[in-house]
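Asker: Encoded as structure tokens, here's the structure I'll be asking about.
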Number of protein chains: 2
Amino acid sequence: MNAASLTLQAALGEVATDIDQRFDALLSIPDDPRADLYRAMRHAAIGGGKRLRPLLTMATAQLFGVDRDCAGRAGLAIECIHVYSLIHDDLPAMDDDDMRRGKPTAHKLFNEATAILAGDCLHALAFEILADTATHADPHVRVELILDLSRASGPNGMAGGQMMDLEAEKSSFDLPTVTRLQAMKTGALIACSVEAGAILGKVPPEQRTPLRGYARDLGLAFQIADDILDVEGDEAVAGKKLGKDAAAGKETFLSLLGLDRARGQARMLVDQAVEHLQGFGPEADLLRDIARFVMDRDR
Amino acid sequence: MNAASLTLQAALGEVATDIDQRFDALLSIPDDPRADLYRAMRHAAIGGGKRLRPLLTMATAQLFGVDRDCAGRAGLAIECIHVYSLIHDDLPAMDDDDMRRGKPTAHKLFNEATAILAGDCLHALAFEILADTATHADPHVRVELILDLSRASGPNGMAGGQMMDLEAEKSSFDLPTVTRLQAMKTGALIACSVEAGAILGKVPPEQRTPLRGYARDLGLAFQIADDILDVEGDEAVAGKKLGKDAAAGKETFLSLLGLDRARGQARMLVDQAVEHLQGFGPEADLLRDIARFVMDRDR
């Protein structure tokens with residue numbers, strides 16, 4: 001393990017602890033009939049996540065000297081959206097998954113109604129967190145974070161991409177359509193995680209082009225790596241069922257490009273993501289390491 | 001029909017048209033694999049709703065001379081949350097309803113996955129609408145609207161109340177618990193609809209007490225009237241299945257108080273709601289009429 005990956009491992013560990021603690025504080029179980037709702041949120045939200053999105057927010061925010069607590073709160077809000085999407089995507093009517101992060105999915109451990117509501121509550125909590133003055137004193141910053149996250153998660157972002165993904169089982173999508181699907185389904189929230197760091201840092205939109213290029217390439221590389229993991233990964237390490245895309249007859253980067261070209265494409269995207277950061281010095285090394293990690297991860 | 005109810009009928013008609021037009025513009029069907037997602041949102045959102053919540057926002061906003069388009073946008077956002085909650089509450093895992101507003105529910109006409117995602121998308125769109133500068137130029141106002149709506153719809157509001165309602169089938173709730181359940185499940189969003197008008201009007205929080213009292217009493221009266229409708233209403237007029245609470249063995253205001261006392265309680269709450277408005281002149285007549293309408297409606 002070289003120095004860079006040591007730093008990345010430390011950062012991953014720190015963010016994981018930080019986000020777990022924030023979820024723990026956010027989701028104390030009330031002594032009333034909503035207890036299972038909170039238990040389901042805690043089950044899905046605490047422990048086991050890579051926390052890639054909050055890490056991206058915090059790594060980007062630190063480029064601009066943003067207060068760590070503000071960045072952590074924004075990262076928590078984005079992770080709330082990510083966790084809600086996992087809960088809903090795992091439902092029987094959607095991807096019908098029994099395992100997630102090595103644990104039973106929320107609807108298996110509780111029931112479907114509780115899982116649907118747990119997702120809905122995390123969705124609302126994300127915006128409550130961002131709207132709070134503790135996230136940033138300046139309301140312009142808060143409202144810009146909210147606008148960006150609502151767009152990234154709605155019909156033109158994550159949820160729209162999930163709808164396309166459900167249709168992918170019925171149709172035979174071509175490469176541009178699969179690319180658009182993935183840019184929406186996973187790319188939009190990854191892009192939002194980086195953008196949030198820039199918003200907190202009050203970087204004007206016209207100066208965010210390199211970071212946006214980085215996030216776009218990273219998001220695509222992340223998804224290709226995910227497709228490769230789905231075929232080559234170890235279910236015990238991944239903590240979820242694999243091989244699902246092929247079983248569902250869905251076109252993916254892998255099915256359309258083949259393993260070698262898909263891997264080559266992901267490597268190229270990682271290099272490109274790193275190149276976008278050439279205007280930054282060593283302070284952006286963590287972002288560079290994250291890009292390489294996305295390709296080499298095993299879950 | 002007297003002059004007051006004529007004005008109310010006109011206002012109800014105007015708001016219904018306005019909200020339908022706004023949903024129509026918001027939800028144009030894209031020419032891509034998300035078409036059914038948009039069709040499902042349109043099906044659930046357009047036509048047939050009472051639009052009580054946007055009407056409350058617009059009626060409150062007009063007390064303070066708020067621009068009508070701003071109030072309409074805020075009302076649309078709140079109605080997005082209301083419609084998303086109807087879609088999710090109707091799901092087989094939740095209340096399992098086949099009919100809503102006289103039409104098949106979204107999951108019946110499309111499928112469960114599309115219905116879940118349509119709800120999730122309307123949820124995100126609500127916050128995107130509020131975060132947009134077109135809703136109000138002042139970011140303080142937008143962020144306060146967002147904070148209020150996220151709280152009213154999350155685990156301490158609507159979604160938390162729905163969780164309590166699911167538990168009500170298993171437990172035998174007493175009157176204070178049923179009151180709290182309903183204050184969360186329907187009361188919070190009704191309160192938020194009035195509060196939004198005051199926020200847009202830049203009324204300082206300490207001067208909102210009468211409006212909050214009005215909204216609290218109105219919300220409770222609305223729910224008691226709903227319980228009465230569930231027992232005494234006409235399914236063809238209501239546009240949904242009735243008699244469900246008794247069939248599910250849930251305690252309601254009606255089961256706990258009996259029909260006569262429940263009706264008396266609702267009338268008293270309507271009177272009380274109107275009394276809260278005594279500091280306002282005839283400009284608050286629409287709010288007064290809404291309170292009376294809530295008791296006399298047939299759907």
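Convention: chains lettered A, B, ... in structure tokens order; per-chain residue numbering from 1; ligands numbered from 1 as shown.
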When you look at Phe64 in chain B with a cut-off of 9 Å (counting only C-alpha atoms), what residues show up, excluding the ones that are within fewer than 2 positions of it in the same chain? I need them as a PyMOL selection string.
Answerer: chain B and resi 60-62+66+197-198+200-203
Asker: Give me, as a CSV table (one decimal) with N, CA and C atoms, in the first residue's frame, the residues of chain B touching chain A, with the criterion being at most 8 Å (counting only C-alpha atoms).
Answerer:
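The file below, result_15.csv, is the result:
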```
chain,number,residue,atom,x,y,z
B,33,PRO,N,-37.4,6.5,-22.6
B,33,PRO,CA,-38.0,5.4,-21.8
B,33,PRO,C,-38.7,5.8,-20.5
B,34,ARG,N,-38.6,7.1,-20.2
B,34,ARG,CA,-39.3,7.6,-18.9
B,34,ARG,C,-40.8,8.0,-19.2
B,37,LEU,N,-43.3,7.0,-16.6
B,37,LEU,CA,-43.1,7.7,-15.4
B,37,LEU,C,-43.8,9.0,-15.3
B,88,HIS,N,-48.1,6.8,-2.9
B,88,HIS,CA,-47.4,5.8,-2.0
B,88,HIS,C,-48.4,5.1,-1.0
B,93,ALA,N,-48.7,-2.6,-0.5
B,93,ALA,CA,-48.0,-2.8,0.8
B,93,ALA,C,-48.5,-1.8,1.8
B,94,MET,N,-49.2,-0.7,1.4
B,94,MET,CA,-49.7,0.3,2.3
B,94,MET,C,-51.2,0.1,2.5
B,112,GLU,N,-46.4,-1.2,-9.9
B,112,GLU,CA,-46.0,-0.7,-8.6
B,112,GLU,C,-44.7,0.1,-8.7
B,113,ALA,N,-43.7,-0.5,-9.5
B,113,ALA,CA,-42.4,0.2,-9.6
B,113,ALA,C,-42.6,1.6,-10.2
B,114,THR,N,-43.4,1.8,-11.2
B,114,THR,CA,-43.6,3.1,-11.8
B,114,THR,C,-44.3,4.0,-10.8
B,116,ILE,N,-44.1,3.8,-7.4
B,116,ILE,CA,-43.1,4.2,-6.4
B,116,ILE,C,-42.3,5.3,-6.9
B,117,LEU,N,-41.8,5.2,-8.1
B,117,LEU,CA,-40.9,6.2,-8.7
B,117,LEU,C,-41.6,7.5,-9.0
B,120,ASP,N,-41.7,9.3,-5.8
B,120,ASP,CA,-40.4,9.8,-5.5
B,120,ASP,C,-40.0,11.0,-6.3
B,121,CYS,N,-40.4,11.0,-7.6
B,121,CYS,CA,-40.1,12.1,-8.5
B,121,CYS,C,-40.9,13.4,-8.1
B,122,LEU,N,-42.2,13.2,-7.7
B,122,LEU,CA,-43.0,14.4,-7.3
B,122,LEU,C,-42.4,14.9,-6.0
B,123,HIS,N,-41.9,14.0,-5.1
B,123,HIS,CA,-41.3,14.4,-3.9
B,123,HIS,C,-40.1,15.4,-4.2
B,124,ALA,N,-39.2,14.9,-5.1
B,124,ALA,CA,-38.1,15.7,-5.4
B,124,ALA,C,-38.5,17.0,-6.1
B,125,LEU,N,-39.5,17.0,-7.0
B,125,LEU,CA,-39.9,18.2,-7.7
B,125,LEU,C,-40.5,19.2,-6.8
B,127,PHE,N,-39.3,20.1,-3.9
B,127,PHE,CA,-38.2,20.9,-3.4
B,127,PHE,C,-37.5,21.7,-4.5
B,128,GLU,N,-37.5,21.1,-5.7
B,128,GLU,CA,-36.9,21.9,-6.9
B,128,GLU,C,-37.8,23.1,-7.2
B,131,ALA,N,-37.1,25.7,-4.5
B,131,ALA,CA,-35.7,26.3,-4.5
B,131,ALA,C,-35.5,27.2,-5.7
B,132,ASP,N,-36.4,27.2,-6.6
B,132,ASP,CA,-36.3,28.1,-7.8
B,132,ASP,C,-36.5,29.5,-7.5
B,139,PRO,N,-33.9,34.5,-1.1
B,139,PRO,CA,-33.5,33.1,-0.7
B,139,PRO,C,-33.9,32.7,0.7
B,140,HIS,N,-34.0,33.7,1.6
B,140,HIS,CA,-34.5,33.4,3.0
B,140,HIS,C,-35.9,32.9,2.9
B,142,ARG,N,-37.3,31.3,0.3
B,142,ARG,CA,-37.3,30.0,-0.3
B,142,ARG,C,-36.9,28.9,0.7
B,143,VAL,N,-35.8,29.2,1.4
B,143,VAL,CA,-35.2,28.2,2.3
B,143,VAL,C,-36.2,28.0,3.5
B,144,GLU,N,-36.9,29.0,3.9
B,144,GLU,CA,-37.9,28.8,5.0
B,144,GLU,C,-39.0,27.9,4.5
B,146,ILE,N,-38.8,25.6,2.3
B,146,ILE,CA,-38.3,24.3,2.1
B,146,ILE,C,-38.2,23.6,3.5
B,147,LEU,N,-37.7,24.4,4.5
B,147,LEU,CA,-37.5,23.8,5.8
B,147,LEU,C,-38.9,23.4,6.4
B,150,SER,N,-40.3,20.3,4.3
B,150,SER,CA,-39.5,19.0,4.6
B,150,SER,C,-39.9,18.5,6.0
B,151,ARG,N,-40.1,19.4,7.0
B,151,ARG,CA,-40.5,19.0,8.3
B,151,ARG,C,-41.9,18.4,8.3
B,153,SER,N,-43.5,17.0,6.0
B,153,SER,CA,-43.7,15.8,5.2
B,153,SER,C,-42.9,14.6,5.7
B,154,GLY,N,-41.9,14.8,6.6
B,154,GLY,CA,-41.0,13.8,7.0
B,154,GLY,C,-41.5,13.0,8.2
B,155,PRO,N,-40.5,12.4,8.9
B,155,PRO,CA,-40.9,11.4,10.0
B,155,PRO,C,-41.6,12.1,11.2
B,159,ALA,N,-45.2,11.6,6.8
B,159,ALA,CA,-44.8,10.2,6.7
B,159,ALA,C,-44.8,9.5,8.0
B,160,GLY,N,-44.4,10.2,9.1
B,160,GLY,CA,-44.4,9.6,10.4
B,160,GLY,C,-45.9,9.3,10.8
B,163,MET,N,-47.0,6.1,9.2
B,163,MET,CA,-46.4,5.0,9.9
B,163,MET,C,-47.3,4.6,11.1
B,164,MET,N,-47.7,5.7,11.8
B,164,MET,CA,-48.5,5.5,13.0
B,164,MET,C,-49.9,4.9,12.6
B,167,GLU,N,-49.6,1.3,12.1
B,167,GLU,CA,-49.6,0.6,13.4
B,167,GLU,C,-50.9,0.5,14.0
```
Asker: Pick out the residues sitting within 8 Å of His82 in chain A, and hand them over as a PDB file with C-alpha atoms, in the first residue's frame; count only C-alpha atoms, and ignore anything fewer than 4 positions along from it in its own chain.
Answerer:
```pdb
ATOM      1  CA  ILE A  78     -26.652  13.462  -0.112  1.00  0.00           C
ATOM      2  CA  LEU A  86     -31.208   1.860  -2.195  1.00  0.00           C
ATOM      3  CA  LEU A 189     -25.803  12.104  -7.566  1.00  0.00           C
TER       4      LEU A 189
END
```
Asker: Could you pull the residues within 10 Å of Ser255 in chain B, counting only C-alpha atoms, minus those fewer than 5 positions along the same chain, as a PyMOL selection string?
Answerer: chain B and resi 175+227-228+245-246+249-250+262
Asker: Which residues are close to range 235-238 of chain A, i.e. within 12 Å by only C-alpha atoms, leaving aside same-chain residues fewer than 4 positions away? Reply as a list in words.
Answerer: Gly48, Gly49, Lys50, Met99, Arg100, Arg101, Gly102, Lys103, Asp226, Leu229, Asp230, Val231, Leu242, Gly243, Lys244, Arg297, Asp298 and Arg299 of chain A
Asker: Those same residues, written as a short mmCIF file (atom, residue, chain, number, x, y, z; two decimals), in the first residue's frame with all heavy atoms?
Answerer:
```cif
data_model
loop_
_atom_site.label_atom_id
_atom_site.label_comp_id
_atom_site.auth_asym_id
_atom_site.auth_seq_id
_atom_site.Cartn_x
_atom_site.Cartn_y
_atom_site.Cartn_z
N GLY A 48 -21.50 0.02 7.01
CA GLY A 48 -21.35 -0.79 5.80
C GLY A 48 -21.26 -0.04 4.49
O GLY A 48 -20.82 -0.61 3.50
N GLY A 49 -21.66 1.22 4.43
CA GLY A 49 -21.59 1.93 3.16
C GLY A 49 -20.17 2.40 2.85
O GLY A 49 -19.38 2.60 3.77
N LYS A 50 -19.86 2.54 1.57
CA LYS A 50 -18.54 3.08 1.20
C LYS A 50 -18.46 4.56 1.51
O LYS A 50 -17.40 5.11 1.69
CB LYS A 50 -18.31 2.92 -0.32
CG LYS A 50 -18.06 1.51 -0.79
CD LYS A 50 -17.76 1.47 -2.29
CE LYS A 50 -18.93 1.87 -3.16
NZ LYS A 50 -20.05 0.92 -3.18
N MET A 99 -30.51 -8.87 -0.10
CA MET A 99 -29.30 -8.52 0.64
C MET A 99 -28.72 -7.20 0.14
O MET A 99 -28.75 -6.90 -1.05
CB MET A 99 -28.23 -9.60 0.48
CG MET A 99 -28.61 -10.96 1.05
SD MET A 99 -28.72 -10.97 2.85
CE MET A 99 -26.96 -10.87 3.30
N ARG A 100 -28.19 -6.43 1.06
CA ARG A 100 -27.57 -5.14 0.73
C ARG A 100 -26.53 -4.86 1.81
O ARG A 100 -26.85 -4.95 3.00
CB ARG A 100 -28.66 -4.07 0.71
CG ARG A 100 -28.22 -2.64 0.72
CD ARG A 100 -27.65 -2.16 -0.57
NE ARG A 100 -28.62 -2.11 -1.66
CZ ARG A 100 -28.27 -1.78 -2.92
NH1 ARG A 100 -27.01 -1.48 -3.22
NH2 ARG A 100 -29.19 -1.77 -3.88
N ARG A 101 -25.32 -4.50 1.40
CA ARG A 101 -24.24 -4.22 2.36
C ARG A 101 -24.08 -5.38 3.35
O ARG A 101 -23.85 -5.18 4.54
CB ARG A 101 -24.51 -2.91 3.11
CG ARG A 101 -24.46 -1.69 2.19
CD ARG A 101 -24.83 -0.39 2.91
NE ARG A 101 -24.60 0.78 2.04
CZ ARG A 101 -24.95 2.02 2.34
NH1 ARG A 101 -25.53 2.29 3.48
NH2 ARG A 101 -24.71 3.01 1.52
N GLY A 102 -24.29 -6.62 2.84
CA GLY A 102 -24.10 -7.80 3.67
C GLY A 102 -25.18 -8.05 4.70
O GLY A 102 -25.04 -8.93 5.56
N LYS A 103 -26.27 -7.30 4.63
CA LYS A 103 -27.37 -7.46 5.60
C LYS A 103 -28.68 -7.65 4.82
O LYS A 103 -28.76 -7.29 3.65
CB LYS A 103 -27.49 -6.20 6.47
CG LYS A 103 -26.25 -5.84 7.27
CD LYS A 103 -26.48 -4.60 8.14
CE LYS A 103 -26.67 -3.32 7.33
NZ LYS A 103 -26.68 -2.10 8.15
N ASP A 226 -18.79 -0.95 -11.70
CA ASP A 226 -19.92 -1.64 -11.08
C ASP A 226 -20.41 -2.78 -11.97
O ASP A 226 -20.72 -3.87 -11.48
CB ASP A 226 -21.06 -0.64 -10.88
CG ASP A 226 -21.69 -0.77 -9.50
OD1 ASP A 226 -20.94 -0.80 -8.50
OD2 ASP A 226 -22.93 -0.85 -9.43
N LEU A 229 -17.91 -5.53 -11.66
CA LEU A 229 -18.11 -6.20 -10.37
C LEU A 229 -19.32 -7.14 -10.42
O LEU A 229 -19.29 -8.22 -9.83
CB LEU A 229 -18.36 -5.17 -9.27
CG LEU A 229 -17.18 -4.73 -8.42
CD1 LEU A 229 -17.65 -3.70 -7.40
CD2 LEU A 229 -16.54 -5.92 -7.71
N ASP A 230 -20.35 -6.70 -11.11
CA ASP A 230 -21.58 -7.50 -11.19
C ASP A 230 -21.30 -8.85 -11.85
O ASP A 230 -21.96 -9.85 -11.55
CB ASP A 230 -22.66 -6.74 -11.97
CG ASP A 230 -24.04 -7.38 -11.85
OD1 ASP A 230 -24.53 -7.52 -10.71
OD2 ASP A 230 -24.62 -7.78 -12.88
N VAL A 231 -20.29 -8.88 -12.71
CA VAL A 231 -19.94 -10.12 -13.42
C VAL A 231 -18.81 -10.87 -12.72
O VAL A 231 -18.84 -12.09 -12.58
CB VAL A 231 -19.55 -9.81 -14.88
CG1 VAL A 231 -18.96 -11.03 -15.56
CG2 VAL A 231 -20.77 -9.31 -15.65
N LEU A 242 -25.04 -10.65 -7.05
CA LEU A 242 -24.39 -10.19 -8.28
C LEU A 242 -24.94 -10.97 -9.48
O LEU A 242 -25.78 -11.84 -9.32
CB LEU A 242 -22.87 -10.36 -8.16
CG LEU A 242 -22.20 -9.57 -7.01
CD1 LEU A 242 -20.72 -9.89 -6.92
CD2 LEU A 242 -22.40 -8.07 -7.20
N GLY A 243 -24.45 -10.61 -10.64
CA GLY A 243 -24.87 -11.31 -11.86
C GLY A 243 -26.30 -11.03 -12.26
O GLY A 243 -26.89 -11.75 -13.06
N LYS A 244 -26.86 -9.93 -11.71
CA LYS A 244 -28.28 -9.68 -11.94
C LYS A 244 -28.59 -9.09 -13.31
O LYS A 244 -29.64 -9.36 -13.88
CB LYS A 244 -28.81 -8.74 -10.85
CG LYS A 244 -28.79 -9.38 -9.47
CD LYS A 244 -29.63 -8.60 -8.50
CE LYS A 244 -31.05 -8.53 -8.98
NZ LYS A 244 -31.95 -7.84 -8.08
N ARG A 297 -11.89 -0.92 -6.56
CA ARG A 297 -12.64 -1.40 -5.39
C ARG A 297 -13.20 -2.81 -5.66
O ARG A 297 -13.37 -3.22 -6.80
CB ARG A 297 -13.78 -0.44 -5.06
CG ARG A 297 -14.87 -0.43 -6.11
CD ARG A 297 -15.61 0.89 -6.13
NE ARG A 297 -16.37 1.02 -7.35
CZ ARG A 297 -17.62 0.61 -7.50
NH1 ARG A 297 -18.28 0.07 -6.49
NH2 ARG A 297 -18.25 0.74 -8.65
N ASP A 298 -13.50 -3.51 -4.55
CA ASP A 298 -14.08 -4.84 -4.69
C ASP A 298 -15.52 -4.89 -4.20
O ASP A 298 -16.12 -5.95 -4.09
CB ASP A 298 -13.21 -5.89 -3.98
CG ASP A 298 -12.96 -5.53 -2.52
OD1 ASP A 298 -13.60 -4.58 -2.01
OD2 ASP A 298 -12.10 -6.18 -1.89
N ARG A 299 -16.10 -3.71 -3.86
CA ARG A 299 -17.52 -3.69 -3.49
C ARG A 299 -18.12 -2.32 -3.80
O ARG A 299 -17.40 -1.40 -4.09
CB ARG A 299 -17.71 -4.00 -2.00
CG ARG A 299 -17.11 -2.97 -1.06
CD ARG A 299 -17.21 -3.40 0.39
NE ARG A 299 -16.66 -2.38 1.26
CZ ARG A 299 -17.38 -1.52 1.97
NH1 ARG A 299 -18.67 -1.56 1.97
NH2 ARG A 299 -16.81 -0.60 2.70
#
```
Asker: Of the candidates B:Thr17, B:Gln182, B:Thr57, B:Thr105, which one gets nearest to Ala40 in chain B if we count only C-alpha atoms?
Answerer: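 Using only C-alpha atoms, the shortest distance to Ala40 in chain B belongs to B:Thr105.
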Asker: Just give me the gap between CA of Ala247 in chain B and CA of Val294 in chain B in Å, one decimal is fine.
Answerer: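 We find that CA of Ala247 in chain B and CA of Val294 in chain B lie 24.5 Å from each other.
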Asker: Just the residues within 7 Å of range 271-283 of chain A, please, counting only C-alpha atoms, with nothing from its chain fewer than 2 positions along; format it as a ChimeraX atom specification.
Answerer: /A:63,210-211,213-214,217-218,267-269,285,288,291
Asker: How many Å separate CA of Gly13 in chain B from CA of Phe293 in chain B?
Answerer: 13.8 Å
Asker: Can you pull out the residues contacting Gln21 in chain A? Cut-off 12 Å, using only C-alpha atoms, and skip same-chain residues under 6 positions away; I want them as number ranges by chain.
Answerer: A: 14-15, 27-28, 42, 45-47, 72-73, 76
Asker: Could you give me the residues within range 91-266 of chain B that DSSP places in strand (DSSP E), as a ChimeraX atom specification?
Answerer: /B:99-100,103-104
Asker: Report as a PyMOL selection string: the residues of range 53-270 of chain A with a DSSP assignment of helix (DSSP H, G or I), based on the backbone of this structure.
Answerer: chain A and resi 53-63+68-89+106-109+112-131+139-153+158-167+175-200+205-207+209-232+235-238+244-247+253-257+259-270
Asker: Just how far from CA of Met58 in chain B is CA of Asp18 in chain B, in Å to one decimal?
Answerer: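 Taking CA of Asp18 in chain B as the start and CA of Met58 in chain B as the end point, the length is 11.0 Å.
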